[in-house]
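Asks: Coordinates in input-v4.cif, mmCIF, C-alpha atoms, are listed below.
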data_structure
loop_
_atom_site.label_atom_id
_atom_site.label_comp_id
_atom_site.auth_asym_id
_atom_site.auth_seq_id
_atom_site.Cartn_x
_atom_site.Cartn_y
_atom_site.Cartn_z
CA MET A 1 111.40 97.87 133.65
CA GLU A 2 111.99 101.63 133.83
CA ALA A 3 114.26 101.41 130.78
CA LEU A 4 111.55 99.59 128.83
CA LYS A 5 108.94 102.16 129.85
CA ALA A 6 111.24 104.93 128.65
CA LEU A 7 111.84 103.08 125.37
CA LEU A 8 108.12 102.61 124.73
CA THR A 9 107.38 106.23 125.56
CA SER A 10 110.08 107.44 123.16
CA LEU A 11 108.68 105.28 120.36
CA ALA A 12 105.01 106.22 120.84
CA ARG A 13 103.09 107.30 117.73
CA ASN A 14 99.76 108.96 117.10
CA ALA A 15 97.10 106.83 115.45
CA VAL A 16 93.42 106.85 114.55
CA ARG A 17 91.42 104.17 116.36
CA LEU A 18 88.61 102.79 114.20
CA GLU A 19 85.26 101.17 115.00
CA ILE A 20 83.39 99.44 112.19
CA GLY A 21 79.62 99.21 112.38
CA THR A 22 79.52 100.18 116.06
CA GLY A 23 80.42 103.07 118.33
CA GLU A 24 79.25 106.65 118.67
CA GLY A 25 80.03 109.92 116.99
CA PRO A 26 80.09 110.95 113.33
CA ALA A 27 81.31 108.55 110.67
CA ILE A 28 84.73 109.25 109.17
CA GLY A 29 84.44 106.58 106.51
CA ARG A 30 82.59 103.54 105.26
CA PHE A 31 83.34 99.84 105.17
CA GLY A 32 81.96 97.99 102.15
CA GLY A 33 79.20 99.05 99.84
CA ALA A 34 80.12 100.53 96.45
CA PRO A 35 83.23 102.73 96.43
CA ASP A 36 83.00 106.39 95.45
CA VAL A 37 85.30 106.89 92.46
CA PRO A 38 86.03 109.49 89.77
CA GLU A 39 84.69 109.22 86.24
CA GLY A 40 86.75 106.81 84.16
CA PHE A 41 88.00 104.83 87.16
CA SER A 42 89.37 101.39 86.21
CA TRP A 43 88.49 98.75 88.79
CA PRO A 44 91.65 96.96 90.02
CA TRP A 45 92.21 93.31 89.05
CA PHE A 46 94.79 90.74 90.12
CA THR A 47 95.76 87.55 88.29
CA THR A 48 95.66 84.58 90.66
CA ASP A 49 94.08 81.30 91.60
CA THR A 50 92.02 81.16 94.81
CA TYR A 51 91.41 78.80 97.69
CA MET A 52 88.25 77.60 95.94
CA ASP A 53 89.35 77.74 92.28
CA ASP A 54 92.66 76.46 90.85
CA GLU A 55 92.37 78.45 87.62
CA VAL A 56 94.87 81.30 87.38
CA LYS A 57 93.04 84.26 85.82
CA PRO A 58 92.39 87.98 86.36
CA ARG A 59 90.02 88.57 89.30
CA PRO A 60 88.53 91.86 90.55
CA LEU A 61 89.67 93.06 93.94
CA ALA A 62 87.08 93.51 96.67
CA PHE A 63 86.43 97.00 97.96
CA LEU A 64 87.21 97.06 101.69
CA CYS A 65 86.62 100.61 102.83
CA GLN A 66 87.07 104.32 102.22
CA PHE A 67 87.84 107.29 104.46
CA ASP A 68 86.77 110.92 104.25
CA CYS A 69 90.15 112.63 104.57
CA ALA A 70 88.62 115.94 105.71
CA ALA A 71 86.91 114.11 108.58
CA LEU A 72 90.24 112.44 109.46
CA ALA A 73 92.08 115.76 109.72
CA GLU A 74 91.27 116.44 113.39
CA LEU A 75 92.17 112.85 114.35
CA ASP A 76 95.48 112.75 112.47
CA GLY A 77 97.72 114.08 115.22
CA ASP A 78 100.87 114.26 113.09
CA GLY A 79 99.26 115.45 109.86
CA LEU A 80 100.51 112.44 107.91
CA LEU A 81 97.38 111.70 105.88
CA PRO A 82 95.81 113.79 103.14
CA HIS A 83 93.26 116.19 104.62
CA GLU A 84 91.04 116.38 101.57
CA GLY A 85 89.45 113.86 99.26
CA VAL A 86 88.84 110.15 99.82
CA LEU A 87 91.29 107.33 100.63
CA SER A 88 90.13 103.88 99.46
CA PHE A 89 91.40 100.34 100.09
CA PHE A 90 90.96 97.20 97.95
CA TYR A 91 92.13 93.58 98.39
CA GLU A 92 91.65 90.30 96.51
CA LEU A 93 89.73 88.20 99.02
CA GLY A 94 89.55 84.90 97.14
CA SER A 95 93.29 84.26 97.28
CA GLN A 96 94.12 86.31 100.39
CA ARG A 97 97.78 86.64 99.48
CA TRP A 98 100.15 86.93 102.43
CA GLY A 99 102.58 89.46 101.01
CA TYR A 100 105.83 87.49 101.32
CA ASP A 101 106.24 87.00 97.55
CA PRO A 102 107.04 89.84 95.09
CA LYS A 103 104.38 88.28 92.84
CA ASP A 104 101.80 89.39 95.43
CA ALA A 105 102.19 92.96 94.14
CA GLY A 106 98.77 94.15 93.05
CA CYS A 107 96.75 91.88 95.33
CA ALA A 108 95.95 95.02 97.33
CA ARG A 109 95.54 98.58 96.08
CA VAL A 110 95.09 101.97 97.71
CA TYR A 111 93.72 105.03 95.93
CA TRP A 112 93.61 108.65 96.96
CA PHE A 113 91.01 110.72 95.12
CA PRO A 114 91.73 114.40 95.96
CA GLU A 115 88.40 115.85 94.77
CA LYS A 116 85.56 114.35 96.79
CA ALA A 117 82.89 116.35 94.99
CA ALA A 118 83.84 114.71 91.69
CA LEU A 119 83.21 111.16 92.96
CA GLY A 120 80.23 108.90 92.41
CA PRO A 121 79.36 105.28 93.29
CA ALA A 122 81.06 102.68 91.13
CA ASP A 123 79.39 99.71 89.50
CA PHE A 124 80.75 96.37 90.67
CA PRO A 125 82.42 94.26 87.97
CA GLU A 126 80.17 91.37 86.97
CA ALA A 127 82.99 88.97 87.83
CA LEU A 128 83.10 90.12 91.47
CA GLU A 129 81.42 87.37 93.48
CA GLU A 130 78.52 88.30 95.74
CA GLU A 131 80.36 87.22 98.88
CA PHE A 132 83.05 89.80 98.08
CA ARG A 133 80.54 92.63 97.72
CA LEU A 134 80.76 93.60 101.37
CA PRO A 135 77.89 95.17 103.33
CA SER A 136 77.96 98.90 103.88
CA LEU A 137 78.88 99.78 107.49
CA PRO A 138 79.87 103.12 109.02
CA ILE A 139 83.39 103.64 110.33
CA ARG A 140 83.88 105.90 113.34
CA GLY A 141 87.19 106.94 114.82
CA GLY A 142 89.07 108.62 117.61
CA ARG A 143 92.57 109.66 118.54
CA GLU A 144 94.87 107.03 119.96
CA ARG A 145 98.39 107.05 121.39
CA CYS A 146 100.02 103.89 120.10
CA PHE A 147 103.06 101.95 121.37
CA PRO A 148 105.20 99.30 119.65
CA GLY A 149 104.58 95.68 120.50
CA TYR A 150 107.27 93.28 121.66
CA ASP A 151 108.71 92.39 118.23
CA ASP A 152 108.84 95.96 116.94
CA ALA A 153 110.37 97.20 120.21
CA ALA A 154 113.07 94.53 119.96
CA ALA A 155 113.78 95.54 116.36
CA ALA A 156 113.98 99.19 117.41
CA VAL A 157 116.87 98.49 119.76
CA GLY A 158 118.51 95.91 117.52
CA ARG A 159 117.97 92.94 119.79
CA ALA A 160 116.99 89.40 118.93
CA GLU A 161 113.59 88.16 120.00
CA GLY A 162 113.73 87.04 123.62
CA GLU A 163 116.46 89.44 124.72
CA LEU A 164 114.05 92.05 126.06
CA GLY A 165 112.36 89.67 128.49
CA LEU A 166 108.74 89.13 127.51
CA LYS A 167 107.25 89.21 131.01
CA THR A 168 109.00 92.44 131.92
CA PHE A 169 108.11 93.97 128.57
CA ASN A 170 104.41 93.13 128.99
CA ALA A 171 104.39 94.74 132.43
CA ALA A 172 106.03 97.89 131.04
CA TYR A 173 103.63 97.96 128.10
CA SER A 174 100.56 97.68 130.31
CA THR A 175 101.88 100.51 132.47
CA VAL A 176 102.46 103.02 129.66
CA ALA A 177 99.57 101.96 127.40
CA GLY A 178 97.05 101.23 130.12
CA LYS A 179 96.09 97.93 128.47
CA PRO A 180 97.64 94.61 127.38
CA GLU A 181 99.65 94.56 124.14
CA THR A 182 96.79 92.80 122.33
CA ASP A 183 93.33 93.91 123.40
CA GLY A 184 90.46 92.64 121.25
CA SER A 185 89.61 93.78 117.73
CA ALA A 186 92.12 96.22 116.34
CA HIS A 187 91.27 98.46 113.38
CA ARG A 188 93.62 101.42 113.00
CA LEU A 189 95.09 104.05 110.73
CA LEU A 190 98.77 104.89 111.36
CA GLY A 191 100.57 104.17 114.63
CA TRP A 192 101.99 100.72 115.36
CA PRO A 193 100.57 97.34 114.32
CA ASP A 194 99.14 94.74 116.64
CA ILE A 195 101.45 91.94 115.56
CA ILE A 196 100.26 88.34 115.42
CA GLN A 197 103.45 86.63 114.19
CA SER A 198 106.52 88.89 113.88
CA SER A 199 107.67 92.38 112.93
CA MET A 200 106.78 93.14 109.30
CA THR A 201 108.87 96.10 108.19
CA ALA A 202 111.95 94.10 107.17
CA GLU A 203 109.64 91.77 105.25
CA CYS A 204 108.16 94.73 103.38
CA GLU A 205 111.61 96.05 102.51
CA LEU A 206 113.02 92.71 101.34
CA VAL A 207 109.99 91.73 99.27
CA SER A 208 110.01 95.17 97.65
CA ARG A 209 113.61 94.43 96.62
CA GLY A 210 112.46 91.26 94.89
CA TYR A 211 113.17 88.57 97.50
CA ASN A 212 110.62 85.79 97.98
CA LEU A 213 110.47 85.12 101.70
CA GLY A 214 108.29 82.03 101.34
CA GLY A 215 110.23 80.03 98.80
CA GLY A 216 113.53 79.27 100.49
CA GLN A 217 115.38 81.97 98.52
CA LYS A 218 118.72 82.85 100.10
CA ILE A 219 118.97 86.53 100.98
CA PRO A 220 122.45 88.11 100.89
CA GLU A 221 123.65 88.89 104.38
CA ASP A 222 124.23 92.57 103.66
CA GLN A 223 120.70 92.97 102.27
CA LEU A 224 119.18 91.25 105.29
CA ARG A 225 121.21 93.33 107.73
CA GLU A 226 120.39 96.61 106.00
CA ALA A 227 116.66 95.79 105.95
CA GLU A 228 116.68 94.89 109.63
CA GLU A 229 118.56 98.08 110.55
CA THR A 230 116.61 100.59 108.47
CA SER A 231 113.13 99.26 107.71
CA LEU A 232 111.50 100.03 111.06
CA GLU A 233 112.17 103.72 110.51
CA ASN A 234 111.49 103.76 106.76
CA TRP A 235 108.24 101.76 106.66
CA ARG A 236 105.09 102.83 108.50
CA LEU A 237 101.74 101.23 109.12
CA LEU A 238 99.08 102.95 107.02
CA PHE A 239 96.04 100.81 107.83
CA GLN A 240 95.35 97.73 109.95
CA LEU A 241 92.11 95.82 109.40
CA ASP A 242 91.16 93.03 111.77
CA SER A 243 88.89 90.09 111.04
CA ILE A 244 85.28 91.15 111.56
CA GLN A 245 82.48 89.29 113.32
CA LEU A 246 79.39 91.50 113.39
CA GLY A 247 75.97 89.90 113.66
CA LYS A 248 75.50 87.56 110.71
CA PHE A 249 78.39 89.11 108.79
CA SER A 250 81.95 87.84 109.11
CA LEU A 251 85.16 88.56 107.26
CA ASP A 252 88.11 86.40 108.24
CA PHE A 253 91.69 86.89 107.17
CA GLY A 254 93.13 83.40 107.45
CA ASP A 255 92.41 82.06 110.92
CA TYR A 256 91.03 85.22 112.60
CA GLY A 257 93.96 87.23 111.33
CA ARG A 258 94.59 90.79 110.20
CA VAL A 259 95.77 92.57 107.08
CA TYR A 260 98.29 95.38 107.32
CA PHE A 261 98.87 98.03 104.65
CA TYR A 262 102.43 99.38 104.94
CA ILE A 263 104.00 102.33 103.14
CA ARG A 264 107.42 103.99 103.14
CA LYS A 265 107.51 107.36 104.90
CA GLU A 266 108.68 109.12 101.75
CA ASP A 267 105.86 107.59 99.71
CA LEU A 268 103.26 108.61 102.29
CA ALA A 269 104.54 112.17 102.23
CA ALA A 270 104.44 112.20 98.42
CA ARG A 271 100.95 110.56 98.35
CA ARG A 272 102.30 107.62 96.32
CA PHE A 273 99.72 105.19 97.61
CA ASP A 274 100.30 102.90 94.63
CA ARG A 275 103.47 101.77 96.45
CA VAL A 276 101.68 100.34 99.48
CA TRP A 277 102.56 96.75 100.45
CA LEU A 278 100.10 94.39 102.16
CA VAL A 279 100.93 91.71 104.73
CA LEU A 280 98.47 89.18 106.14
CA GLN A 281 99.13 87.54 109.50
CA CYS A 282 97.06 85.06 111.44
CA GLY A 283 97.51 82.66 114.33
#
Using the file provided, produce a representation of the structure as structure tokens.
Replies:
Amino acid sequence: MEALKALLTSLARNAVRLEIGTGEGPAIGRFGGAPDVPEGFSWPWFTTDTYMDDEVKPRPLAFLCQFDCAALAELDGDGLLPHEGVLSFFYELGSQRWGYDPKDAGCARVYWFPEKAALGPADFPEALEEEFRLPSLPIRGGRERCFPGYDDAAAAVGRAEGELGLKTFNAAYSTVAGKPETDGSAHRLLGWPDIIQSSMTAECELVSRGYNLGGGQKIPEDQLREAEETSLENWRLLFQLDSIQLGKFSLDFGDYGRVYFYIRKEDLAARRFDRVWLVLQCG
């Protein structure tokens, strides 16, 4: 177990823990409501059918949330995020694409608006259904030291699932993190994801190369091996949003799942948020 504790400690990352609609302290962002955007902003659309409508047509994305980057600055322990402007997240909620198909590109969008003073509330597109116009709720945050879960830790040392010993890993994780690997609702910027199914970085890398991971497409062995060996270092979690149950309001991703916005390290550093990839996981 000592080796696992040392591994987890070496892989620890700084993150921003988020609380939506609850908690104390000043707000660092807002969930729902109308997004603040610059003049001339074009609302993002995605062509798809949905769970309730078989017609394939352009549909407006729902606005999920936005963050005040200046307010994030003191919580961003590694200085990875912009420290000015507003960072905004959108996702098409009617189809809730999973992110394993290259055709899912555009189902989620992230925008960074550097000049906060130049922003104003957007008008919702008429085609955006009422249920996807989410209620306005404050987002509060705090610093968090984050550790990889079982699947990401196994990927980090190049071992197949099961080789680490789940029981021993969980004991080591609880010791270094001070809590179980999965501990209630989990909203977060940066750090490590709370995985529901399996590690997602290789998936992000392969889909970005054009491979459909849900259609039985055969992936060349060298491509698969390279993605497995390099993706954990190259791709980072940008934002994790859990399903929300708050009073009469609920937002479910699949069956009480989560959505994860991933980005390559180089793209995060260059503020190329248009290259973010979304993955949805649920139980």
Asks: Quick check, in Å to one decimal: how far apart do CA of Phe147 (chain A) and CA of Ala73 (chain A) lie?
Replies: 21.1 Å
Asks: Using the chain letters and numbers from the file, give me the residues hit by the PyMOL selection byres ((chain A and resi 105-109) around 6), as a PDB file with C-alpha atoms, in the frame of the given file.
Replies:
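Final output, part_24.pdb:
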ATOM      1  CA  PHE A  46      94.790  90.740  90.120  1.00  0.00           C
ATOM      2  CA  PHE A  90      90.960  97.200  97.950  1.00  0.00           C
ATOM      3  CA  TYR A  91      92.130  93.580  98.390  1.00  0.00           C
ATOM      4  CA  GLU A  92      91.650  90.300  96.510  1.00  0.00           C
ATOM      5  CA  PRO A 102     107.040  89.840  95.090  1.00  0.00           C
ATOM      6  CA  LYS A 103     104.380  88.280  92.840  1.00  0.00           C
ATOM      7  CA  ASP A 104     101.800  89.390  95.430  1.00  0.00           C
ATOM      8  CA  VAL A 110      95.090 101.970  97.710  1.00  0.00           C
TER       9      VAL A 110
END
Asks: Between A:Ala27, A:Ala70, A:Tyr100, A:Asp76, which is the closest to Lys116 (chain A) once you count all atoms listed in the file?
Replies: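 Closest candidate: A:Ala70.
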Asks: Which residue is closest to Arg236 (chain A)? Choose from A:Gly257, A:Gly79, A:Pro193, A:Gly216 and count only C-alpha atoms.
Replies: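 When distances to Arg236 (chain A) are compared using only C-alpha atoms, the smallest one comes from A:Pro193.
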Asks: Identify all residues satisfying the PyMOL selection byres ((chain A and resi 229-232) around 9) in the given file; provide them as a VMD selection string.
Replies: chain A and resid 152 155 to 156 158 199 to 205 224 to 228 233 to 236 264
Asks: Output the selection as a short mmCIF file (atom, residue, chain, number, x, y, z; two decimals), keeping the file's coordinate frame - C-alpha atoms for each residue.
Replies:
data_model
loop_
_atom_site.label_atom_id
_atom_site.label_comp_id
_atom_site.auth_asym_id
_atom_site.auth_seq_id
_atom_site.Cartn_x
_atom_site.Cartn_y
_atom_site.Cartn_z
CA ASP A 152 108.84 95.96 116.94
CA ALA A 155 113.78 95.54 116.36
CA ALA A 156 113.98 99.19 117.41
CA GLY A 158 118.51 95.91 117.52
CA SER A 199 107.67 92.38 112.93
CA MET A 200 106.78 93.14 109.30
CA THR A 201 108.87 96.10 108.19
CA ALA A 202 111.95 94.10 107.17
CA GLU A 203 109.64 91.77 105.25
CA CYS A 204 108.16 94.73 103.38
CA GLU A 205 111.61 96.05 102.51
CA LEU A 224 119.18 91.25 105.29
CA ARG A 225 121.21 93.33 107.73
CA GLU A 226 120.39 96.61 106.00
CA ALA A 227 116.66 95.79 105.95
CA GLU A 228 116.68 94.89 109.63
CA GLU A 233 112.17 103.72 110.51
CA ASN A 234 111.49 103.76 106.76
CA TRP A 235 108.24 101.76 106.66
CA ARG A 236 105.09 102.83 108.50
CA ARG A 264 107.42 103.99 103.14
#
Asks: I would like the residues chosen by the PyMOL selection byres ((chain A and resi 48-63) around 7) on the shown file; could you give them as a list in words?
Replies: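 Against this file, the PyMOL selection byres ((chain A and resi 48-63) around 7) returns the residues Gly32, Pro35, Pro44, Trp45, Phe46, Thr47, Leu64, Cys65, Phe89, Phe90, Tyr91, Glu92, Leu93, Gly94, Ser95, Ala127, Leu128, Phe132 and Arg133 of chain A.
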Asks: Output, as JSON, the centre and edge lengths in Å (one decimal) of the axis-aligned box that contains all listed atoms of region 214-226 of chain A with 8 Å of margin on each side.
Replies:
{"center_x": 116.3, "center_y": 87.9, "center_z": 103.1, "size_x": 31.9, "size_y": 33.3, "size_z": 25.2}
Asks: For Leu166 (chain A), list every protein, DNA or RNA residue within 10 Å, evaluated using all atoms listed in the file, and leave out those in the same chain fewer than 6 positions away; present the list as a ChimeraX atom specification.
Replies: /A:150-151,172
